Amino acid sequence: MSYRTSSDAPAAFREFAARLLGSMGLSAVVVAAGGCGANVVFDEPSGEGGAGGSSTHQGGAGASGGEGAGGTTVDFPCDVVPAPEQSAVYQCISMFEGTCLAASTPEVYSELAYILEGENCDDFCCDTQTLDYVACGPDPSVIDQCCYTAVVGYYSECMGRPFTVLGEARTASLASRDDWVTESARSSVELDETTRLALSDAFSSNGLMEHASVASFARFALDLLSLGAPASLVRAAQRAMGDEIRHAELCFSLASRYAGRAIGPKALDCHDPNPTQRTAEDILAATIREGCVGETIAALLAARAADQAEDPGVREALREIAEDEARHAELAWQTIAWALKQRHAAWRKAIERTFAEPFVVGPGAIAPAKVDPAAWRAHGQLDPASYQDVVARARTFVIGACARALLSESEPASREKCAMTAEQ
């Protein structure tokens with residue numbers, strides 16, 4: 001499998017990957033090709049999975065044989081190389097009127113999806129299992145069922161940098177207050193009430209998450225101190241706290257502008273009823289999930305939203321947020337790069353394991369049925385298709401590529417083959 005930040009990816013993603021690599025001191029692995037961005041190709045041996053090593057196979061055989069559900073032997077050829085967030089699964093279903101249909105038919109996909117797919121989401125995080133495709137089948141050795149090799153994706157993610165307690169994202173509630181609102185909230189906007197209130201709700205939700213991120217970065221600064229991190233990383237974490245305060249003010253100001261009244265946060269419950277000492281491995285895993293993944297995606301989403309926004313105030317706010325979130329992503333990647341340089345085997349194992357985890361993002365804010373989609377986009381909200389497009393490209397062309405480069409560079413003895421190419 002190859003991950004590319006070359007002609008396969010839009011310029012914004014190539015450039016962002018190059019920026020992250022450069023922030024980690026890995027600019028040597030990026031070859032700039034005048035005006036077309038950076039090109040990095042990571043070629044992996046066939047059959048191997050993501051950054052953390054080989055991919056897992058659940059519930060049965062992988063692509064090339066073994067035992068499937070109920071001990072059934074998989075002896076039919078199936079050329080499957082799952083992505084880091086995927087696994088090959090052997091699954092049997094009932095026959096279709098006494099016969100088995102080809103793997104490519106919609107009926108097979110529908111039946112397998114009913115068995116294999118599921119999702120569990122709250123307001124901020126999602127755990128999802130999806131049927132990505134049916135690779136091959138039916139298995140000719142099975143006579144009373146229809147058995148197929150399917151590829152499923154396992155994803156879980158919290159957007160941005162959440163403040164979590166006991167594994168759950170925590171935010172404040174909304175309040176009528178003006179001390180988190182800037183002067184820009186007093187400007188008027190000519191939209192119908194339904195659209196204004198929907199936009200207010202969307203920016204209020206963003207504001208609560210940015211507000212909670214202040215607490216998250218406060219804890220992160222303490223985490224860095226406990227790891228023995230250098231002053232530059234601790235200082236960057238402190239600066240990020242200030243950025244998140246500013247982001248919360250911007251979002252609450254926009255929410256107030258669209259609502260026509262002042263909106264801000266209530267008190268945030270930071271109490272942990274069961275405090276435990278987080279290990280270094282826990283801290284590094286959280287840094288990857290919340291920073292390397294969450295902040296990277298958040299930066300690219302904000303940049304996309306800013307590019308399509310037509311309202312000047314919204315566009316300016318989103319551009320500021322996008323740039324700050326990009327620096328926060330750099331901080332997370334720099335922290336992991338520093339940790340790998342310490343040569344602690346347990347730290348590296350935790351980092352590899354977490355990068356090998358699959359991630360998914362919820363659909364984002366969806367405009368109510370009576371809201372004009374064009375107005376929704378013009379005022380800084382992404383439609384579901386654009387939202388998922390950014391997430392998918394970020395996962396492949398930025399997060400996947402940078403993780404491989406970082407782990408490869410930090411472990412020369414087991415380095416993956418890395419080829420540099422430049423588009424002319």
# chains A, B, ... in the order shown; residues from 1 in each chain; ligands from 1

call {"tool": "residues_around", "arguments": {"residues": "segment 241-245 of chain A", "least_positions_apart": "2", "cutoff": "9 Å", "atoms": "only C-alpha atoms", "output": "JSON, numbers by chain"}}
result
{"A": [180, 210, 211, 212, 213, 214, 215, 216, 217, 218, 236, 237, 238, 239, 247, 248, 249, 250, 321, 324, 325]}

call {"tool": "write_last_selection", "arguments": {"atoms": "N, CA and C atoms", "output": "short mmCIF file (atom, residue, chain, number, x, y, z; two decimals), in the first residue's frame"}}
result
data_model
loop_
_atom_site.label_atom_id
_atom_site.label_comp_id
_atom_site.auth_asym_id
_atom_site.auth_seq_id
_atom_site.Cartn_x
_atom_site.Cartn_y
_atom_site.Cartn_z
N TRP A 180 -17.97 36.70 27.22
CA TRP A 180 -17.22 35.88 26.28
C TRP A 180 -17.53 36.33 24.85
N GLU A 210 -14.47 24.70 22.03
CA GLU A 210 -13.26 25.51 22.17
C GLU A 210 -13.03 25.88 23.64
N HIS A 211 -14.11 26.19 24.34
CA HIS A 211 -14.04 26.51 25.77
C HIS A 211 -13.48 25.33 26.55
N ALA A 212 -13.94 24.12 26.25
CA ALA A 212 -13.44 22.93 26.92
C ALA A 212 -11.99 22.65 26.56
N SER A 213 -11.58 23.05 25.36
CA SER A 213 -10.19 22.83 24.95
C SER A 213 -9.21 23.62 25.80
N VAL A 214 -9.65 24.71 26.40
CA VAL A 214 -8.78 25.46 27.31
C VAL A 214 -8.37 24.55 28.46
N ALA A 215 -9.33 23.84 29.02
CA ALA A 215 -9.03 22.90 30.11
C ALA A 215 -8.15 21.77 29.62
N SER A 216 -8.40 21.31 28.40
CA SER A 216 -7.60 20.22 27.85
C SER A 216 -6.14 20.62 27.72
N PHE A 217 -5.88 21.84 27.24
CA PHE A 217 -4.50 22.29 27.11
C PHE A 217 -3.86 22.58 28.46
N ALA A 218 -4.66 23.02 29.43
CA ALA A 218 -4.12 23.21 30.78
C ALA A 218 -3.61 21.88 31.32
N ALA A 236 4.60 26.20 24.23
CA ALA A 236 3.62 26.12 23.15
C ALA A 236 2.25 25.69 23.67
N ALA A 237 2.24 24.81 24.66
CA ALA A 237 0.97 24.38 25.25
C ALA A 237 0.30 25.54 25.98
N GLN A 238 1.11 26.34 26.66
CA GLN A 238 0.55 27.51 27.35
C GLN A 238 -0.03 28.50 26.35
N ARG A 239 0.67 28.71 25.25
CA ARG A 239 0.16 29.61 24.22
C ARG A 239 -1.15 29.07 23.63
N HIS A 247 -10.53 31.45 20.50
CA HIS A 247 -11.46 30.73 19.62
C HIS A 247 -12.85 30.68 20.22
N ALA A 248 -12.92 30.42 21.52
CA ALA A 248 -14.22 30.39 22.19
C ALA A 248 -14.91 31.74 22.09
N GLU A 249 -14.15 32.81 22.28
CA GLU A 249 -14.72 34.16 22.15
C GLU A 249 -15.25 34.39 20.73
N LEU A 250 -14.47 33.98 19.73
CA LEU A 250 -14.91 34.16 18.35
C LEU A 250 -16.19 33.40 18.07
N ILE A 321 -8.78 30.75 13.31
CA ILE A 321 -8.89 29.46 13.99
C ILE A 321 -8.09 28.39 13.25
N ASP A 324 -4.34 28.75 13.94
CA ASP A 324 -4.02 28.35 15.31
C ASP A 324 -4.11 26.84 15.47
N GLU A 325 -5.15 26.23 14.91
CA GLU A 325 -5.30 24.78 15.03
C GLU A 325 -4.15 24.07 14.32
#

call {"tool": "residues_around", "arguments": {"residues": "Pro312 of chain A", "least_positions_apart": "4", "cutoff": "9 Å", "atoms": "only C-alpha atoms", "output": "MDAnalysis selection string"}}
result
chainID A and resid 316:317 379

call {"tool": "write_last_selection", "arguments": {"atoms": "C-alpha atoms", "output": "CSV table (one decimal), in the first residue's frame"}}
result
chain,number,residue,atom,x,y,z
A,316,GLU,CA,-11.8,36.1,9.2
A,317,ALA,CA,-12.6,34.2,12.3
A,379,HIS,CA,-21.7,31.5,6.8

call {"tool": "select_by_dssp", "arguments": {"residues": "segment 77-310 of chain A", "states": "helix (DSSP H, G or I)", "output": "PyMOL selection string"}}
result
chain A and resi 106-116+183-186+193-227+231-259+280-308

call {"tool": "atom_distance", "arguments": {"atom1": "atom CA of Glu281 of chain A", "atom2": "atom CA of Ala322 of chain A"}}
result
28.6 Å

call {"tool": "residues_around", "arguments": {"residues": "Val181 of chain A", "least_positions_apart": "6", "cutoff": "10 Å", "atoms": "only C-alpha atoms", "output": "NGL selection string"}}
result
:A and (248-257 or 262-264)

call {"tool": "write_last_selection", "arguments": {"atoms": "C-alpha atoms", "output": "compact mmCIF listing (two decimals), in the first residue's frame"}}
result
# COMPACT_ATOMS: atom_id res chain seq x y z
CA ALA A 248 -14.22 30.39 22.19
CA GLU A 249 -14.72 34.16 22.15
CA LEU A 250 -14.91 34.16 18.35
CA CYS A 251 -17.44 31.32 18.25
CA PHE A 252 -19.61 32.71 21.03
CA SER A 253 -19.51 36.11 19.34
CA LEU A 254 -20.73 34.62 16.07
CA ALA A 255 -23.37 32.60 17.92
CA SER A 256 -24.54 35.78 19.65
CA ARG A 257 -24.57 37.71 16.39
CA ALA A 262 -25.43 37.39 24.14
CA ILE A 263 -24.40 33.74 24.48
CA GLY A 264 -21.54 32.30 26.51

call {"tool": "closest_atom_pairs", "arguments": {"of": "segment 283-314 of chain A", "to": "segment 187-194 of chain A", "cutoff": "12 Å", "atoms": "only C-alpha atoms", "output": "tab-separated table"}}
result
residue	atom	partner	partner_atom	distance
A:Asp311	CA	A:Val189	CA	9.4
A:Pro312	CA	A:Val189	CA	11.3
A:Gly313	CA	A:Ser187	CA	9.5
A:Val314	CA	A:Val189	CA	11.4

call {"tool": "write_last_selection", "arguments": {"atoms": "C-alpha atoms", "output": "mmCIF file, in the first residue's frame"}}
result
data_model
loop_
_atom_site.group_PDB
_atom_site.id
_atom_site.type_symbol
_atom_site.label_atom_id
_atom_site.label_comp_id
_atom_site.auth_asym_id
_atom_site.auth_seq_id
_atom_site.Cartn_x
_atom_site.Cartn_y
_atom_site.Cartn_z
ATOM 1 C CA ASP A 311 -19.476 36.516 5.213
ATOM 2 C CA PRO A 312 -16.357 38.629 5.999
ATOM 3 C CA GLY A 313 -16.601 38.240 9.776
ATOM 4 C CA VAL A 314 -17.015 34.491 9.604
#

call {"tool": "atom_distance", "arguments": {"atom1": "atom CA of Leu300 of chain A", "atom2": "atom CA of Leu331 of chain A"}}
result
15.5 Å

call {"tool": "residues_around", "arguments": {"residues": "Trp376 of chain A", "least_positions_apart": "6", "cutoff": "12 Å", "atoms": "only C-alpha atoms", "output": "JSON, numbers by chain"}}
result
{"A": [191, 192, 194, 195, 196, 197, 198, 199, 200, 202, 203, 305, 308, 309, 310, 311, 314, 365, 366, 367, 368, 369, 370, 382, 383, 384]}

call {"tool": "write_last_selection", "arguments": {"atoms": "C-alpha atoms", "output": "compact mmCIF listing (two decimals), in the first residue's frame"}}
result
# COMPACT_ATOMS: atom_id res chain seq x y z
CA LEU A 191 -31.01 36.23 7.21
CA ASP A 192 -34.32 34.58 7.97
CA THR A 194 -34.60 29.78 10.91
CA THR A 195 -31.20 30.17 9.29
CA ARG A 196 -29.93 32.58 11.92
CA LEU A 197 -30.89 30.31 14.81
CA ALA A 198 -29.41 27.24 13.10
CA LEU A 199 -26.12 29.09 12.60
CA SER A 200 -26.23 30.29 16.19
CA ALA A 202 -23.71 25.54 15.26
CA PHE A 203 -21.35 28.26 16.49
CA ALA A 305 -14.91 26.34 5.77
CA GLN A 308 -16.04 28.81 1.05
CA ALA A 309 -17.34 31.39 3.56
CA GLU A 310 -18.66 34.61 2.03
CA ASP A 311 -19.48 36.52 5.21
CA VAL A 314 -17.02 34.49 9.60
CA ALA A 365 -23.34 20.23 11.95
CA ILE A 366 -26.15 19.49 9.49
CA ALA A 367 -28.36 22.31 8.28
CA PRO A 368 -32.06 21.96 9.12
CA ALA A 369 -34.31 21.14 6.18
CA LYS A 370 -35.59 24.72 5.83
CA LEU A 382 -19.60 22.65 5.71
CA ASP A 383 -22.12 20.37 4.06
CA PRO A 384 -21.73 16.67 4.95

call {"tool": "select_by_dssp", "arguments": {"residues": "segment 163-393 of chain A", "states": "strand (DSSP E or B)", "output": "PDB file with C-alpha atoms, in the first residue's frame"}}
result
ATOM      1  CA  THR A 164     -12.308  14.204  28.730  1.00  0.00           C
ATOM      2  CA  VAL A 165     -13.081  12.873  32.192  1.00  0.00           C
ATOM      3  CA  GLU A 168     -16.079  10.989  28.131  1.00  0.00           C
ATOM      4  CA  ALA A 169     -15.922  14.384  26.427  1.00  0.00           C
ATOM      5  CA  LEU A 174     -24.814  27.642  27.495  1.00  0.00           C
ATOM      6  CA  ALA A 175     -25.674  30.791  29.422  1.00  0.00           C
ATOM      7  CA  GLY A 264     -21.541  32.300  26.507  1.00  0.00           C
ATOM      8  CA  PRO A 265     -20.595  29.262  28.614  1.00  0.00           C
TER       9      PRO A 265
END
